[in-house]
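Okay, structure first, notes after.
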Amino acid sequence: MSILPPPDTGFDLDVPILIIGAGGCGLVAALAANDAGGEVLVAEADAAPSGSTALSAGLIPAACTRFQQEAGIEDNADLFAQDIQKKAKGENPQNLVDLLANQSGKVIEWLADRFDLPFSVVSDFDYPGHSRRRMHGLPTRAGRELIDRLRTACEAQGMDIICNRRATSLFVEGDHVRGVRLEGPNGTEDVGCGALILACNGYGGNRAMVRQFMPEIENAVWFGHDYNQGDAVTWGEALGAETLHLGAYQGHGNVAHPQGILITWAVITQGGVQVNLNGDRFWDESQGYSEAARAVLAQPDGVAWTIFDSRIADVARQFQDFKDAEAIGAIRIADSVAELAEITGLPGTNLTQTLYDIPTGRPDAFGRSFLGEPLKPPYCAVKVTGALFHTQGGLKIDQNARVVRKAGNVFPNLFAAGGAAVGVSGSGDSGYLSGNGLLAATVLGYIAGSTAANDMKEEHGHA
C-alpha cells in the first residue's frame with residue numbers, strides 16, 4: 001500500500017472516475033455517477049462483486065419512504081437521526097448523521113424507481129434502537145440478492161467492472177490523486193483517473209489492525225469480506241488524511257457455530273434468549289446484536305445457545321439465511337424442555353429454571369422486558385458464536401464524501417464511502433444501530449458517485 005508520484009511514462013489507461021471496490025457501496029456509487037453523466041470504471045479485488053454486503057441480510061434503514069407509508073408507518077429523518085445518535089451515545093458527527101438520515105429515503109426510492117429493486121419494509125418485528133420500522137430489504141432478505149441486482153443494473157447500463165484487480169498503490173501529485181496501480185493475473189496496470197472513490201470497506205480482515213484498534217474482538221469469527229484489509233485507512237494516513245473512531249465496529253452474537261450462517265436477530269426481538277453452556281442467561285439480549293458478539297465470546301468456549309420457539313421461527317423464515325440454517329440442521333427442534341436439554345447437551349435443571357424465570361410483561365434481572373408471548377413448545381435452539389462483520393471507523397469526510405485532511409481542507413478528487421469512511425456507530429461496538437453499515441454504503445456511495453460525476457462535467461466544461 002504505497003503512495004507514488006505519477007509514472008513518467010504515463011498511464012496504461014485513463015478514466016474519468018475510478019471506483020475501488022464492487023460491494024454494495026461501490027456499485028451504488030457507480031450507478032449514481034453514471035446517472036449523473038459520468039464515465040466509470042469499477043475495480044474489484046475478488047473474482048466477482050460481493051463485499052461484506054453479500055454476507056449481510058441486505059437490509060437498509062431509511063426514513064420517509066413510500067414503502068413505509070404503504071405499510072402505515074409514520075417516520076421522519078429527524079427521528080431517524082435521533083435514534084442513530086441515541087444508540088451511539090451522541091458520539092457521531094451530527095452533520096454526518098443528519099446527512100445520512102435525510103438522504104436515506106431518497107436513495108432507497110431512487111434504487112427502486114430507477115433500477116427496479118423491489119424493496120419492502122420489514123414490518124412484523126422491531127430492530128433494537130429503531131423507534132420506527134424502517135428496515136428496507138429485497139424479497140429474500142439477503143445481501144447476496146442486493147449485490148446481484150446492483151451488479152445487473154450496472155451491467156445493463158454498460159458499465160465496466162473488472163475483477164481480480166487489487167489496488168496496491170496510489171499515484172498522487174500535490175493534493176490530487178492522479179491514478180491507481182492495479183495488480184491482476186497478468187501483472188500490473190496503471191490506471192489514471194480524474195476522481196477516485198474508495199469503496200473498499202474497512203479493515204476487519206486485517207488481523208493486525210483488529211488487534212491494534214479493537215483487541216476485545218480479535219478472537220471473533222471474521223464474517224466479512226477477506227479483502228477488507230484497511231487499504232483506505234492506510235492510504236489516508238500516508239496522505240495526511242484525518243481518521244475517526246478507528247475502534248468502532250459491528251459485531252454479531254448470533255452466527256450459527258460451526259456452520260457460519262447468520263441467524264436473524266428477530267429470533268431474539270420476538271422473545272428468544274441466549275444461554276451459555278451452563279444453561280444460564282448472561283446478559284440483556286435486547287441491547288443489540290453488535291454488542292452481543294462480546295457478550296457471547298466472554299462465555300465458556302466462546303459460544304452460546306439461542307433458544308426460541310416455533311412461533312418465532314415462523315417470523316424468521318422470511319430470511320433466506322435462516323431457511324438455509326434449517327436446511328442443514330443447524331436449528332434443533334424439541335417438544336419439551338427435557339428434550340431441548342438432551343439435544344443441546346445443556347444441564348437440564350439449569351435450563352428448566354432459566355426458561356421458567358423468564359418473566360412476562362415486566363423487566364427481568366438484566367433489565368430486559370418481555371412483552372410478547374412466553375416461549376412454549378415446540379422449542380428451537382441454535383448454537384452460536386460471536387463474529388466481527390465490519391469496522392465502522394475510517395476516513396473523515398465532508399458533506400460531499402470528500403476525504404478531509406488533518407489540516408482541515410479536503411482532497412479535491414478523493415472520495416471515501418461505506419466502510420472506507422467513518423460511520424455513524426460511535427467509538428465502539430454498542431453504538432451500532434441495525435443497518436448502519438448499508439446506510440453509509442448506499443447513501444455515501446450515492447453522494448460520492450454523484451459529486452464525482454458533476455465535478456468531471458464541470459472540469460470538462462471549463463476545458
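Residue numbering restarts at 1 for every chain of the C-alpha cells, chains are lettered A, B, ... in their displayed order, and ligands are numbered from 1 as they appear.
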Using DSSP secondary structure from the backbone, list all helix (DSSP H, G or I) positions within range 25-151 of chain A, as a count of residues only. 62
All residues 8 Å or closer to Leu117 in chain A, only C-alpha atoms, same chain fewer than 5 positions away omitted, as an mmCIF file with N, CA, C and O atoms, in the first residue's frame:
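See out.cif below for the written result:
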data_model
loop_
_atom_site.group_PDB
_atom_site.id
_atom_site.type_symbol
_atom_site.label_atom_id
_atom_site.label_comp_id
_atom_site.auth_asym_id
_atom_site.auth_seq_id
_atom_site.Cartn_x
_atom_site.Cartn_y
_atom_site.Cartn_z
ATOM 1 N N LEU A 111 -33.182 3.841 -6.049
ATOM 2 C CA LEU A 111 -32.822 2.475 -6.428
ATOM 3 C C LEU A 111 -34.042 1.688 -6.898
ATOM 4 O O LEU A 111 -33.967 0.898 -7.847
ATOM 5 N N ALA A 112 -35.158 1.911 -6.230
ATOM 6 C CA ALA A 112 -36.386 1.198 -6.605
ATOM 7 C C ALA A 112 -36.931 1.687 -7.948
ATOM 8 O O ALA A 112 -37.276 0.883 -8.831
ATOM 9 N N LEU A 138 -34.919 -6.645 0.127
ATOM 10 C CA LEU A 138 -35.428 -7.308 -1.074
ATOM 11 C C LEU A 138 -36.122 -8.606 -0.673
ATOM 12 O O LEU A 138 -36.067 -9.009 0.494
ATOM 13 N N ARG A 149 -28.498 -7.789 -7.825
ATOM 14 C CA ARG A 149 -29.359 -6.838 -8.531
ATOM 15 C C ARG A 149 -28.599 -5.552 -8.867
ATOM 16 O O ARG A 149 -28.806 -4.968 -9.935
#
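Every protein, DNA or RNA residue with an atom at most 8 Å from Glu91 in chain A, where only C-alpha atoms count and chain neighbours fewer than 4 positions away do not, is listed here: Gln85, Ser425, Gly426 and Ser427 of chain A.
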Restrict the calculation to only C-alpha atoms, then for each residue of range 98-169 of chain A with any atom at most 12 Å from an atom of range 274-293 of chain A give the closest atom pair and their distance in Å to one decimal, rows by chain and rising residue number, as a Markdown table.
| residue | atom | partner | partner_atom | distance |
| --- | --- | --- | --- | --- |
| A:Asp126 | CA | A:Ser286 | CA | 10.6 |
| A:Tyr127 | CA | A:Gly288 | CA | 8.1 |
| A:Pro128 | CA | A:Gly288 | CA | 5.6 |
| A:Gly129 | CA | A:Gly288 | CA | 7.8 |
| A:His130 | CA | A:Gly288 | CA | 10.7 |
Written file, previous selection with C-alpha atoms, as a PDB file, in the first residue's frame:
ATOM      1  CA  ASP A 126     -38.684  -4.255  15.603  1.00  0.00           C
ATOM      2  CA  TYR A 127     -34.922  -3.873  15.460  1.00  0.00           C
ATOM      3  CA  PRO A 128     -33.214  -2.681  18.674  1.00  0.00           C
ATOM      4  CA  GLY A 129     -32.809   1.076  18.814  1.00  0.00           C
ATOM      5  CA  HIS A 130     -35.147   1.915  15.936  1.00  0.00           C
TER       6      HIS A 130
END
Please provide as a ChimeraX atom specification all residues within 10 Å of Asp83 in chain A, with the sequence filter that same-chain residues fewer than 4 positions apart are discarded (counting only C-alpha atoms). /A:77-79,87-90,97,101,128-132,433
Write a file of the selected residues as a PDB file, in the first residue's frame, keeping N, CA, C and O atoms.
ATOM      1  N   ALA A  77     -36.936  12.022   9.087  1.00  0.00           N
ATOM      2  CA  ALA A  77     -35.479  11.989   9.148  1.00  0.00           C
ATOM      3  C   ALA A  77     -34.945  12.447  10.502  1.00  0.00           C
ATOM      4  O   ALA A  77     -33.935  11.930  10.985  1.00  0.00           O
ATOM      5  N   ASP A  78     -35.603  13.414  11.122  1.00  0.00           N
ATOM      6  CA  ASP A  78     -35.144  13.889  12.428  1.00  0.00           C
ATOM      7  C   ASP A  78     -35.207  12.779  13.471  1.00  0.00           C
ATOM      8  O   ASP A  78     -34.289  12.619  14.291  1.00  0.00           O
ATOM      9  N   LEU A  79     -36.286  12.007  13.441  1.00  0.00           N
ATOM     10  CA  LEU A  79     -36.437  10.903  14.384  1.00  0.00           C
ATOM     11  C   LEU A  79     -35.380   9.829  14.127  1.00  0.00           C
ATOM     12  O   LEU A  79     -34.784   9.280  15.068  1.00  0.00           O
ATOM     13  N   LYS A  87     -28.291   5.616  20.088  1.00  0.00           N
ATOM     14  CA  LYS A  87     -27.601   4.326  20.176  1.00  0.00           C
ATOM     15  C   LYS A  87     -26.100   4.539  20.357  1.00  0.00           C
ATOM     16  O   LYS A  87     -25.428   3.771  21.059  1.00  0.00           O
ATOM     17  N   ALA A  88     -25.566   5.584  19.735  1.00  0.00           N
ATOM     18  CA  ALA A  88     -24.128   5.855  19.800  1.00  0.00           C
ATOM     19  C   ALA A  88     -23.757   6.825  20.915  1.00  0.00           C
ATOM     20  O   ALA A  88     -22.614   7.302  20.964  1.00  0.00           O
ATOM     21  N   LYS A  89     -24.718   7.101  21.784  1.00  0.00           N
ATOM     22  CA  LYS A  89     -24.469   7.995  22.927  1.00  0.00           C
ATOM     23  C   LYS A  89     -23.934   9.356  22.483  1.00  0.00           C
ATOM     24  O   LYS A  89     -23.076   9.954  23.148  1.00  0.00           O
ATOM     25  N   GLY A  90     -24.426   9.832  21.348  1.00  0.00           N
ATOM     26  CA  GLY A  90     -24.068  11.157  20.865  1.00  0.00           C
ATOM     27  C   GLY A  90     -22.647  11.311  20.369  1.00  0.00           C
ATOM     28  O   GLY A  90     -22.173  12.434  20.191  1.00  0.00           O
ATOM     29  N   VAL A  97     -24.572  12.347  10.611  1.00  0.00           N
ATOM     30  CA  VAL A  97     -25.824  11.679  10.969  1.00  0.00           C
ATOM     31  C   VAL A  97     -26.988  12.299  10.207  1.00  0.00           C
ATOM     32  O   VAL A  97     -27.822  11.596   9.616  1.00  0.00           O
ATOM     33  N   ALA A 101     -29.407  10.406   7.450  1.00  0.00           N
ATOM     34  CA  ALA A 101     -30.835  10.281   7.743  1.00  0.00           C
ATOM     35  C   ALA A 101     -31.684  11.001   6.704  1.00  0.00           C
ATOM     36  O   ALA A 101     -32.707  10.478   6.244  1.00  0.00           O
ATOM     37  N   PRO A 128     -33.602  -3.459  17.491  1.00  0.00           N
ATOM     38  CA  PRO A 128     -33.214  -2.681  18.674  1.00  0.00           C
ATOM     39  C   PRO A 128     -32.726  -1.286  18.297  1.00  0.00           C
ATOM     40  O   PRO A 128     -31.912  -1.121  17.399  1.00  0.00           O
ATOM     41  N   GLY A 129     -33.256  -0.291  19.003  1.00  0.00           N
ATOM     42  CA  GLY A 129     -32.809   1.076  18.814  1.00  0.00           C
ATOM     43  C   GLY A 129     -33.598   1.877  17.795  1.00  0.00           C
ATOM     44  O   GLY A 129     -33.537   3.109  17.794  1.00  0.00           O
ATOM     45  N   HIS A 130     -34.323   1.206  16.923  1.00  0.00           N
ATOM     46  CA  HIS A 130     -35.147   1.915  15.936  1.00  0.00           C
ATOM     47  C   HIS A 130     -36.539   2.154  16.520  1.00  0.00           C
ATOM     48  O   HIS A 130     -37.244   1.204  16.870  1.00  0.00           O
ATOM     49  N   SER A 131     -36.929   3.418  16.602  1.00  0.00           N
ATOM     50  CA  SER A 131     -38.255   3.733  17.151  1.00  0.00           C
ATOM     51  C   SER A 131     -39.360   3.580  16.110  1.00  0.00           C
ATOM     52  O   SER A 131     -40.536   3.703  16.432  1.00  0.00           O
ATOM     53  N   ARG A 132     -38.978   3.353  14.854  1.00  0.00           N
ATOM     54  CA  ARG A 132     -39.943   3.079  13.780  1.00  0.00           C
ATOM     55  C   ARG A 132     -39.423   1.898  12.961  1.00  0.00           C
ATOM     56  O   ARG A 132     -38.229   1.616  12.944  1.00  0.00           O
ATOM     57  N   LEU A 433     -26.283   0.852  15.286  1.00  0.00           N
ATOM     58  CA  LEU A 433     -27.723   0.716  15.109  1.00  0.00           C
ATOM     59  C   LEU A 433     -27.963  -0.150  13.886  1.00  0.00           C
ATOM     60  O   LEU A 433     -27.323   0.043  12.842  1.00  0.00           O
TER      61      LEU A 433
END
Show which residues sit within 10 Å of Asp98 in chain A, as a compact mmCIF listing (two decimals) with N, CA, C and O atoms, in the first residue's frame. Count only C-alpha atoms, and ignore same-chain residues fewer than 5 positions away.
# COMPACT_ATOMS: atom_id res chain seq x y z
N ALA A 77 -36.94 12.02 9.09
CA ALA A 77 -35.48 11.99 9.15
C ALA A 77 -34.95 12.45 10.50
O ALA A 77 -33.93 11.93 10.98
N ASP A 78 -35.60 13.41 11.12
CA ASP A 78 -35.14 13.89 12.43
C ASP A 78 -35.21 12.78 13.47
O ASP A 78 -34.29 12.62 14.29
N PHE A 80 -35.13 9.56 12.85
CA PHE A 80 -34.09 8.59 12.49
C PHE A 80 -32.73 9.06 13.01
O PHE A 80 -31.97 8.29 13.61
N ALA A 81 -32.42 10.33 12.80
CA ALA A 81 -31.14 10.88 13.28
C ALA A 81 -31.03 10.77 14.81
O ALA A 81 -29.97 10.45 15.35
N GLN A 82 -32.13 11.03 15.50
CA GLN A 82 -32.13 10.92 16.96
C GLN A 82 -31.85 9.48 17.39
O GLN A 82 -31.10 9.24 18.35
N ILE A 84 -30.16 7.21 15.73
CA ILE A 84 -28.75 6.91 15.46
C ILE A 84 -27.86 7.46 16.57
O ILE A 84 -26.98 6.76 17.11
N GLN A 85 -28.10 8.71 16.94
CA GLN A 85 -27.27 9.33 17.98
C GLN A 85 -27.51 8.73 19.36
O GLN A 85 -26.57 8.59 20.15
N PRO A 93 -20.40 12.54 14.53
CA PRO A 93 -20.50 13.90 13.99
C PRO A 93 -21.96 14.16 13.57
O PRO A 93 -22.51 13.41 12.75
N GLN A 103 -30.93 11.80 3.56
CA GLN A 103 -30.81 11.28 2.20
C GLN A 103 -31.27 9.83 2.05
O GLN A 103 -31.40 9.33 0.93
N SER A 104 -31.49 9.14 3.16
CA SER A 104 -31.75 7.69 3.11
C SER A 104 -32.98 7.35 2.28
O SER A 104 -32.94 6.45 1.43
N GLN A 399 -19.48 16.80 3.57
CA GLN A 399 -20.85 16.54 3.15
C GLN A 399 -20.94 15.97 1.74
O GLN A 399 -21.99 15.45 1.35
For Trp222 in chain A, list every protein, DNA or RNA residue within 10 Å, evaluated using only C-alpha atoms, and leave out those in the same chain fewer than 5 positions away; present the list as a compact mmCIF listing (two decimals) with all heavy atoms, in the first residue's frame.
# COMPACT_ATOMS: atom_id res chain seq x y z
N GLY A 204 -11.55 -5.08 8.82
CA GLY A 204 -11.88 -6.24 9.65
C GLY A 204 -11.12 -7.50 9.26
O GLY A 204 -10.94 -8.39 10.09
N GLY A 205 -10.69 -7.59 8.01
CA GLY A 205 -9.93 -8.76 7.57
C GLY A 205 -8.44 -8.66 7.82
O GLY A 205 -7.70 -9.59 7.52
N ASN A 206 -8.01 -7.55 8.40
CA ASN A 206 -6.59 -7.34 8.72
C ASN A 206 -6.40 -7.58 10.21
O ASN A 206 -6.69 -6.72 11.04
CB ASN A 206 -6.20 -5.90 8.34
CG ASN A 206 -4.72 -5.63 8.50
OD1 ASN A 206 -4.10 -6.09 9.44
ND2 ASN A 206 -4.16 -4.85 7.58
N ARG A 207 -5.89 -8.76 10.56
CA ARG A 207 -5.84 -9.14 11.98
C ARG A 207 -4.95 -8.22 12.80
O ARG A 207 -5.22 -7.94 13.96
CB ARG A 207 -5.36 -10.59 12.12
CG ARG A 207 -6.18 -11.62 11.38
CD ARG A 207 -7.67 -11.46 11.57
NE ARG A 207 -8.13 -11.74 12.93
CZ ARG A 207 -9.41 -11.66 13.30
NH1 ARG A 207 -10.33 -11.30 12.44
NH2 ARG A 207 -9.75 -11.93 14.54
N ILE A 217 -12.16 -7.86 20.33
CA ILE A 217 -12.90 -8.69 19.37
C ILE A 217 -11.95 -9.48 18.48
O ILE A 217 -12.37 -10.14 17.53
CB ILE A 217 -13.83 -7.78 18.52
CG1 ILE A 217 -14.98 -8.59 17.89
CG2 ILE A 217 -13.05 -7.02 17.46
CD1 ILE A 217 -16.03 -8.99 18.87
N GLY A 251 -20.28 -5.97 15.41
CA GLY A 251 -20.18 -7.38 15.69
C GLY A 251 -21.54 -8.04 15.50
O GLY A 251 -22.53 -7.38 15.18
N GLY A 260 -21.43 -21.29 10.46
CA GLY A 260 -21.10 -19.99 9.93
C GLY A 260 -22.23 -19.32 9.16
O GLY A 260 -21.99 -18.65 8.16
N GLY A 386 -19.74 -15.43 18.52
CA GLY A 386 -19.62 -14.03 18.19
C GLY A 386 -18.76 -13.82 16.96
O GLY A 386 -17.78 -14.52 16.75
N ALA A 387 -19.14 -12.86 16.14
CA ALA A 387 -18.44 -12.60 14.89
C ALA A 387 -18.20 -11.10 14.71
O ALA A 387 -18.95 -10.27 15.23
CB ALA A 387 -19.22 -13.14 13.70
N LEU A 388 -17.15 -10.79 13.97
CA LEU A 388 -16.87 -9.42 13.54
C LEU A 388 -17.33 -9.29 12.10
O LEU A 388 -16.88 -10.04 11.23
CB LEU A 388 -15.37 -9.12 13.65
CG LEU A 388 -14.89 -7.81 13.03
CD1 LEU A 388 -15.55 -6.60 13.67
CD2 LEU A 388 -13.37 -7.72 13.12
N PHE A 389 -18.25 -8.36 11.84
CA PHE A 389 -18.80 -8.20 10.50
C PHE A 389 -18.04 -7.15 9.69
O PHE A 389 -17.68 -7.39 8.57
CB PHE A 389 -20.29 -7.85 10.58
CG PHE A 389 -21.17 -9.06 10.58
CD1 PHE A 389 -20.88 -10.14 11.40
CD2 PHE A 389 -22.29 -9.13 9.79
CE1 PHE A 389 -21.68 -11.26 11.42
CE2 PHE A 389 -23.10 -10.25 9.79
CZ PHE A 389 -22.81 -11.32 10.60
N HIS A 390 -17.89 -5.99 10.25
CA HIS A 390 -17.12 -4.96 9.56
C HIS A 390 -16.79 -3.85 10.54
O HIS A 390 -17.44 -3.69 11.56
CB HIS A 390 -17.83 -4.39 8.33
CG HIS A 390 -19.23 -3.93 8.57
ND1 HIS A 390 -19.53 -2.68 9.07
CD2 HIS A 390 -20.43 -4.53 8.37
CE1 HIS A 390 -20.83 -2.56 9.17
NE2 HIS A 390 -21.40 -3.65 8.77
Name the closest residue to Arg151 in chain A among the candidates A:Ala316, A:Val424, A:Ile333, A:Ala54; distances are taken between atoms, counting only C-alpha atoms.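 Closest to Arg151 in chain A of all the choices is A:Ala54.
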Residues within 7 Å of Gly105 in chain A, only C-alpha atoms, excluding chain neighbours under 6 positions, as a list of chain:residue names: A:Ala62, A:Ala63, A:Cys64, A:Thr65
The selected residues should be written to file as a JSON list (two decimals), in the first residue's frame (atoms: N, CA and C atoms).
[["chain", "number", "residue", "atom", "x", "y", "z"],
["A", 62, "ALA", "N", -34.10, 3.39, 6.25],
["A", 62, "ALA", "CA", -34.39, 4.66, 5.58],
["A", 62, "ALA", "C", -35.68, 5.23, 6.14],
["A", 63, "ALA", "N", -35.75, 6.56, 6.16],
["A", 63, "ALA", "CA", -36.91, 7.25, 6.73],
["A", 63, "ALA", "C", -37.70, 7.94, 5.64],
["A", 64, "CYS", "N", -39.02, 8.03, 5.86],
["A", 64, "CYS", "CA", -39.92, 8.77, 4.97],
["A", 64, "CYS", "C", -39.99, 8.19, 3.57],
["A", 65, "THR", "N", -40.03, 6.89, 3.45],
["A", 65, "THR", "CA", -40.17, 6.29, 2.12],
["A", 65, "THR", "C", -41.64, 5.96, 1.85]]
Compare A:Cys163, A:Ala30, A:Cys200, A:Ala71 by their minimum atom-to-atom distance to Ala43 in chain A, counting only C-alpha atoms, and give me the closest one. A:Cys163
